[in-house]
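File shown: my_file-v3.txt. Contents: compact mmCIF, C-alpha atoms.
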# COMPACT_ATOMS: atom_id res chain seq x y z
CA MET A 1 8.83 -14.26 -27.57
CA GLU A 2 10.61 -11.60 -29.63
CA LEU A 3 8.15 -8.87 -28.49
CA PHE A 4 8.38 -9.74 -24.80
CA PRO A 5 10.60 -7.19 -22.95
CA GLN A 6 14.15 -8.53 -23.09
CA HIS A 7 15.12 -7.19 -19.66
CA LEU A 8 12.32 -9.23 -18.13
CA LEU A 9 13.58 -12.39 -19.80
CA ASP A 10 17.09 -11.58 -18.58
CA GLY A 11 15.72 -11.02 -15.10
CA TYR A 12 13.96 -14.35 -15.12
CA ARG A 13 17.11 -16.11 -16.25
CA ALA A 14 18.96 -14.57 -13.31
CA PHE A 15 16.15 -15.64 -10.98
CA ALA A 16 16.09 -19.17 -12.38
CA THR A 17 19.84 -19.66 -12.13
CA GLN A 18 20.65 -17.78 -8.91
CA ARG A 19 17.69 -17.32 -6.56
CA LEU A 20 15.38 -20.18 -7.50
CA PRO A 21 17.84 -22.99 -6.66
CA THR A 22 18.13 -21.69 -3.10
CA GLU A 23 14.35 -21.30 -2.69
CA GLN A 24 13.07 -24.23 -4.76
CA SER A 25 11.92 -26.16 -1.70
CA ARG A 26 10.02 -23.10 -0.48
CA TYR A 27 8.21 -22.73 -3.80
CA ARG A 28 7.31 -26.44 -3.80
CA GLU A 29 5.96 -26.14 -0.26
CA LEU A 30 3.89 -23.08 -1.21
CA SER A 31 2.47 -24.84 -4.26
CA GLU A 32 1.45 -27.89 -2.22
CA ARG A 33 0.23 -26.28 1.01
CA GLY A 34 -0.89 -22.91 -0.32
CA GLN A 35 -0.01 -19.48 1.02
CA SER A 36 -0.34 -18.40 4.64
CA PRO A 37 1.19 -14.90 4.93
CA GLU A 38 0.70 -13.09 8.23
CA VAL A 39 0.98 -9.63 6.67
CA MET A 40 -1.05 -7.85 4.02
CA VAL A 41 0.46 -4.71 2.47
CA ILE A 42 -1.69 -2.16 0.67
CA GLY A 43 0.73 -0.09 -1.38
CA CYS A 44 0.94 2.18 -4.39
CA CYS A 45 1.47 0.82 -7.89
CA ASP A 46 4.39 3.26 -8.31
CA SER A 47 7.27 1.24 -9.78
CA ARG A 48 9.71 2.71 -7.25
CA VAL A 49 7.86 1.39 -4.21
CA SER A 50 7.88 -2.40 -4.14
CA PRO A 51 6.85 -3.80 -0.72
CA GLU A 52 8.71 -7.05 -1.36
CA VAL A 53 11.93 -5.12 -1.97
CA ILE A 54 11.48 -2.61 0.85
CA PHE A 55 10.78 -5.33 3.43
CA ASP A 56 13.17 -7.87 1.90
CA ALA A 57 10.36 -10.42 1.79
CA GLY A 58 10.62 -13.89 0.37
CA PRO A 59 7.96 -15.86 -1.52
CA GLY A 60 4.78 -16.37 0.47
CA GLU A 61 5.58 -13.80 3.18
CA LEU A 62 3.45 -10.86 2.02
CA PHE A 63 -0.02 -10.61 0.53
CA VAL A 64 0.27 -7.44 -1.54
CA VAL A 65 -2.35 -5.22 -3.15
CA ARG A 66 -1.17 -2.16 -5.08
CA ASN A 67 -3.21 0.66 -6.56
CA VAL A 68 -2.89 4.38 -7.33
CA ALA A 69 -2.02 6.21 -4.08
CA ASN A 70 -2.45 3.13 -1.85
CA LEU A 71 -6.11 3.91 -1.20
CA VAL A 72 -8.69 1.76 0.53
CA PRO A 73 -12.32 2.55 -0.34
CA VAL A 74 -15.10 2.57 2.23
CA TYR A 75 -17.13 -0.60 2.65
CA GLN A 76 -19.66 -0.53 -0.17
CA PRO A 77 -21.30 -3.90 -0.92
CA ASP A 78 -23.09 -3.03 -4.16
CA SER A 79 -23.17 -4.43 -7.68
CA GLY A 80 -19.91 -2.76 -8.67
CA ALA A 81 -16.56 -4.47 -9.09
CA HIS A 82 -14.31 -3.73 -6.11
CA GLY A 83 -10.81 -5.14 -6.56
CA VAL A 84 -9.25 -3.75 -3.38
CA SER A 85 -12.25 -4.77 -1.28
CA ALA A 86 -12.19 -8.27 -2.76
CA ALA A 87 -8.49 -8.69 -1.99
CA LEU A 88 -9.05 -7.34 1.52
CA GLU A 89 -11.90 -9.77 2.11
CA TYR A 90 -9.75 -12.69 0.95
CA ALA A 91 -6.77 -11.66 3.08
CA VAL A 92 -8.83 -11.20 6.24
CA SER A 93 -11.54 -13.84 5.92
CA VAL A 94 -9.62 -16.62 4.15
CA LEU A 95 -5.91 -16.10 4.83
CA LYS A 96 -6.54 -14.72 8.35
CA VAL A 97 -3.67 -12.24 8.15
CA LYS A 98 -2.59 -10.80 11.48
CA HIS A 99 -1.37 -7.43 10.22
CA ILE A 100 -2.43 -4.97 7.50
CA VAL A 101 0.10 -2.30 6.53
CA VAL A 102 -0.92 0.72 4.46
CA LEU A 103 2.29 1.88 2.77
CA GLY A 104 2.34 5.46 1.47
CA HIS A 105 5.32 7.10 -0.20
CA ALA A 106 6.96 10.33 -1.32
CA GLN A 107 6.54 11.75 -4.83
CA CYS A 108 3.21 9.97 -5.30
CA GLY A 109 1.83 10.76 -8.75
CA GLY A 110 -1.76 10.07 -7.75
CA ILE A 111 -1.57 12.49 -4.85
CA ARG A 112 0.11 15.12 -7.02
CA ALA A 113 -2.63 14.77 -9.65
CA PHE A 114 -5.19 15.25 -6.88
CA ILE A 115 -3.42 18.33 -5.48
CA ASP A 116 -2.84 19.94 -8.86
CA LYS A 117 -6.46 19.27 -9.88
CA ILE A 118 -5.26 17.95 -13.22
CA GLN A 119 -7.86 17.95 -15.97
CA PRO A 120 -9.28 14.56 -16.96
CA LEU A 121 -6.75 12.52 -18.88
CA SER A 122 -9.58 10.89 -20.82
CA PRO A 123 -13.38 11.16 -21.02
CA GLY A 124 -13.57 8.46 -18.35
CA ASP A 125 -11.13 10.22 -16.02
CA PHE A 126 -10.34 7.09 -14.04
CA ILE A 127 -7.62 8.70 -11.92
CA GLY A 128 -9.81 11.63 -10.94
CA LYS A 129 -12.70 9.41 -9.91
CA TRP A 130 -10.39 7.04 -8.06
CA MET A 131 -8.77 9.87 -6.10
CA GLN A 132 -12.16 11.20 -5.02
CA MET A 133 -12.19 8.34 -2.51
CA PHE A 134 -9.57 10.28 -0.62
CA ILE A 135 -11.94 12.98 0.54
CA LYS A 136 -15.26 12.86 2.37
CA PRO A 137 -18.32 14.68 0.97
CA GLY A 138 -17.96 18.40 1.64
CA GLU A 139 -14.33 18.07 2.74
CA VAL A 140 -11.89 20.66 1.35
CA VAL A 141 -8.19 19.88 0.91
CA GLU A 142 -6.13 23.03 0.46
CA GLN A 143 -2.62 24.30 0.98
CA ARG A 144 -2.24 26.02 4.35
CA GLU A 145 -0.95 29.54 4.77
CA HIS A 146 2.87 29.64 4.82
CA GLU A 147 2.98 25.95 3.81
CA THR A 148 5.36 25.14 0.94
CA MET A 149 4.13 22.96 -1.91
CA GLN A 150 6.57 20.25 -0.83
CA ASP A 151 5.28 20.25 2.75
CA PHE A 152 1.70 20.30 1.48
CA THR A 153 2.34 17.32 -0.78
CA ILE A 154 3.99 15.30 1.99
CA ARG A 155 1.13 16.13 4.36
CA ILE A 156 -1.45 14.88 1.87
CA GLU A 157 0.60 11.76 1.03
CA LYS A 158 0.58 10.89 4.73
CA ALA A 159 -3.07 11.88 5.05
CA ALA A 160 -3.88 9.25 2.43
CA VAL A 161 -2.46 6.63 4.79
CA PHE A 162 -4.65 7.91 7.63
CA ARG A 163 -7.75 7.89 5.41
CA SER A 164 -7.09 4.34 4.22
CA LEU A 165 -6.67 3.16 7.82
CA GLU A 166 -9.93 4.89 8.68
CA ASN A 167 -11.71 3.30 5.71
CA LEU A 168 -10.41 -0.14 6.64
CA MET A 169 -12.46 0.05 9.83
CA THR A 170 -15.67 0.47 7.82
CA PHE A 171 -15.37 -3.18 6.75
CA PRO A 172 -17.24 -5.32 9.31
CA PHE A 173 -14.87 -8.28 8.97
CA VAL A 174 -11.86 -6.00 9.56
CA ARG A 175 -13.40 -4.11 12.46
CA GLU A 176 -14.44 -7.32 14.22
CA ARG A 177 -10.97 -8.88 14.11
CA VAL A 178 -9.26 -5.63 15.13
CA GLN A 179 -11.60 -5.15 18.09
CA LYS A 180 -10.94 -8.73 19.19
CA GLY A 181 -7.20 -8.14 19.03
CA GLU A 182 -6.80 -10.80 16.36
CA MET A 183 -5.47 -8.37 13.76
CA HIS A 184 -3.60 -5.05 13.82
CA LEU A 185 -3.56 -2.12 11.39
CA HIS A 186 -0.40 -0.16 10.64
CA GLY A 187 0.63 2.89 8.62
CA ALA A 188 4.01 3.42 6.97
CA TYR A 189 5.62 5.96 4.65
CA PHE A 190 8.57 5.38 2.31
CA GLY A 191 10.97 8.13 1.23
CA VAL A 192 11.99 7.20 -2.29
CA ALA A 193 15.14 9.34 -2.61
CA GLU A 194 16.74 8.23 0.67
CA GLY A 195 15.17 4.78 0.89
CA SER A 196 13.90 5.76 4.34
CA LEU A 197 10.97 4.12 6.12
CA PHE A 198 8.69 5.78 8.64
CA VAL A 199 6.14 3.89 10.75
CA LEU A 200 3.01 5.50 12.14
CA ASP A 201 2.79 5.86 15.91
CA ARG A 202 -0.97 5.65 16.44
CA ALA A 203 -0.74 7.33 19.85
CA THR A 204 1.01 10.49 18.66
CA LYS A 205 -0.21 10.28 15.04
CA GLU A 206 3.35 10.89 13.89
CA PHE A 207 5.46 8.92 11.43
CA LEU A 208 8.66 7.84 13.18
CA SER A 209 11.90 6.99 11.41
CA VAL A 210 12.77 3.30 11.54
CA ARG A 211 16.40 4.08 10.74
CA ASP A 212 16.66 6.44 13.74
CA ALA A 213 15.09 3.83 16.00
CA LEU A 214 17.57 1.19 14.84
CA GLN A 215 20.53 3.50 15.57
CA ARG A 216 19.53 4.15 19.17
Could I get this file's structure written as structure tokens?
Amino acid sequence: MELFPQHLLDGYRAFATQRLPTEQSRYRELSERGQSPEVMVIGCCDSRVSPEVIFDAGPGELFVVRNVANLVPVYQPDSGAHGVSAALEYAVSVLKVKHIVVLGHAQCGGIRAFIDKIQPLSPGDFIGKWMQMFIKPGEVVEQREHETMQDFTIRIEKAAVFRSLENLMTFPFVRERVQKGEMHLHGAYFGVAEGSLFVLDRATKEFLSVRDALQR
């Protein structure tokens, strides 16, 4: 194990000696009965934005899928491999989750690469092709007049949440459960620097501060 990252081994030792003893029964229950989380979180793979940490979730509480820029593709049942779609199908059709949260965040590298129109990082250009899911055919995403680069970036980071929520409804099994009121879709945005969380108000289409709401 000499090549395995030492800080991960140290972290596991801390887990095994401190947290595991208090949650051992929970882990045994999960291993015997299986998982039954009520919430699925679709988040970014950015190392600074861990849904389990942000929502202080214990084992078995969240079904999490993470990818570059927390994107959900449109429903496309073809011969290709669709990891996000497969996870979504499992969460909705098998686990019967009651909530799906699309969690965007500040300083998203995928969004910045999309905005800056970075040249392909390799001949395959995986990031570029992945980020193309963000826009519809013929759609143009540009900085508005008098809009700072920071404001533009934040607007597009939040727009990615809207687009993913829109794409979720292209999946028949998602749309059916939402229309029946059996499942609800949510948008959220995490400010990395301040550790702030904003939740989308679907009526006003604005992200509202959870911290402000808690202080009222």
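Taking CA of Leu30 in chain A as the reference point, CA of Phe63 in chain A is found at 13.2 Å.
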Quick one: everything within 12 Å of range 165-179 of chain A, counting all atoms listed in the file, minus sequence neighbours fewer than 6 positions away in the same chain. Send it as number ranges by chain.
-> A: 41-42, 70-77, 84-86, 88-94, 96-104, 133-136, 158-159, 185-188, 200, 202
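Across A:Ala81, A:Ala69, A:Leu208, A:Ala87, the tightest approach to Glu157 in chain A is made by A:Ala69 when counting all atoms listed in the file.
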Mind checking which residues fall within 6 Å of Pro37 in chain A, counting all atoms listed in the file, ignoring those fewer than 3 positions away in the same chain, and posting them as a list in words?
-> Gly60, Glu61 and Leu62 of chain A
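Nearest residue to Phe162 in chain A among A:Gln107, A:Val199, A:Ser31, A:Glu147 is A:Val199, counting all atoms listed in the file.
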Taking all atoms of range 63-72 of chain A that the file lists, what box with edges along x, y and z, padded by 5 Å per side, do you get, with centre and edge lengths in Å to one decimal, as lines of an AutoDock Vina configuration file?
center_x = -4.2
center_y = -2.2
center_z = -3.4
size_x = 19.0
size_y = 26.8
size_z = 17.9
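Nearest residue to Gly34 in chain A among A:Pro59, A:Val49, A:His82, A:Gln6 is A:Pro59, counting all atoms listed in the file.
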Skipping near chain neighbours, those fewer than 6 positions away, what residues fall within 7 Å of range 191-197 of chain A using all atoms listed in the file, listed as JSON, numbers by chain?
-> {"A": [105, 106, 209, 210]}
For Glu182 in chain A, the nearest of the candidates A:Glu23, A:Asp10, A:Glu145, A:Glu38, counting only C-alpha atoms | A:Glu38
Got a sec to check which residues sit within 9 Å of (0.4, 19.7, 0.3), counting all atoms listed in the file, and write them as an MDAnalysis selection string?
-> chainID A and resid 112 115 141:144 147:157
Work out how far CA of Asn67 in chain A is from CA of Arg48 in chain A, in Å to one decimal.
-> 13.1 Å
Would you mind exporting range 13-53 of chain A with C-alpha atoms, as a tab-separated table (two decimals), in the first residue's frame?
chain	number	residue	atom	x	y	z
A	13	ARG	CA	-8.10	5.45	10.24
A	14	ALA	CA	-9.87	8.48	11.70
A	15	PHE	CA	-13.16	7.26	10.23
A	16	ALA	CA	-12.65	3.73	11.55
A	17	THR	CA	-11.76	4.85	15.07
A	18	GLN	CA	-14.05	7.87	15.52
A	19	ARG	CA	-17.08	7.91	13.22
A	20	LEU	CA	-17.59	4.25	12.37
A	21	PRO	CA	-18.16	3.08	15.98
A	22	THR	CA	-21.06	5.51	16.33
A	23	GLU	CA	-22.59	4.52	12.96
A	24	GLN	CA	-21.74	0.82	12.81
A	25	SER	CA	-25.35	-0.26	13.33
A	26	ARG	CA	-26.44	2.06	10.51
A	27	TYR	CA	-23.90	0.54	8.11
A	28	ARG	CA	-24.98	-2.98	9.07
A	29	GLU	CA	-28.62	-2.05	8.47
A	30	LEU	CA	-27.77	-0.55	5.07
A	31	SER	CA	-25.80	-3.64	4.06
A	32	GLU	CA	-28.67	-5.95	5.01
A	33	ARG	CA	-31.70	-3.95	3.84
A	34	GLY	CA	-30.11	-1.95	1.04
A	35	GLN	CA	-30.32	1.79	0.47
A	36	SER	CA	-33.52	3.82	0.39
A	37	PRO	CA	-32.54	7.51	0.13
A	38	GLU	CA	-35.34	9.99	-0.48
A	39	VAL	CA	-33.07	12.54	-2.16
A	40	MET	CA	-30.91	12.38	-5.27
A	41	VAL	CA	-28.31	15.14	-5.73
A	42	ILE	CA	-26.81	15.88	-9.13
A	43	GLY	CA	-23.69	17.89	-8.42
A	44	CYS	CA	-20.36	18.90	-9.89
A	45	CYS	CA	-17.26	16.76	-9.49
A	46	ASP	CA	-15.39	19.83	-8.20
A	47	SER	CA	-13.53	18.72	-5.07
A	48	ARG	CA	-14.74	21.78	-3.14
A	49	VAL	CA	-18.43	20.97	-3.52
A	50	SER	CA	-19.30	17.75	-1.72
A	51	PRO	CA	-23.08	17.30	-1.28
A	52	GLU	CA	-22.59	15.02	1.71
A	53	VAL	CA	-20.55	17.71	3.47
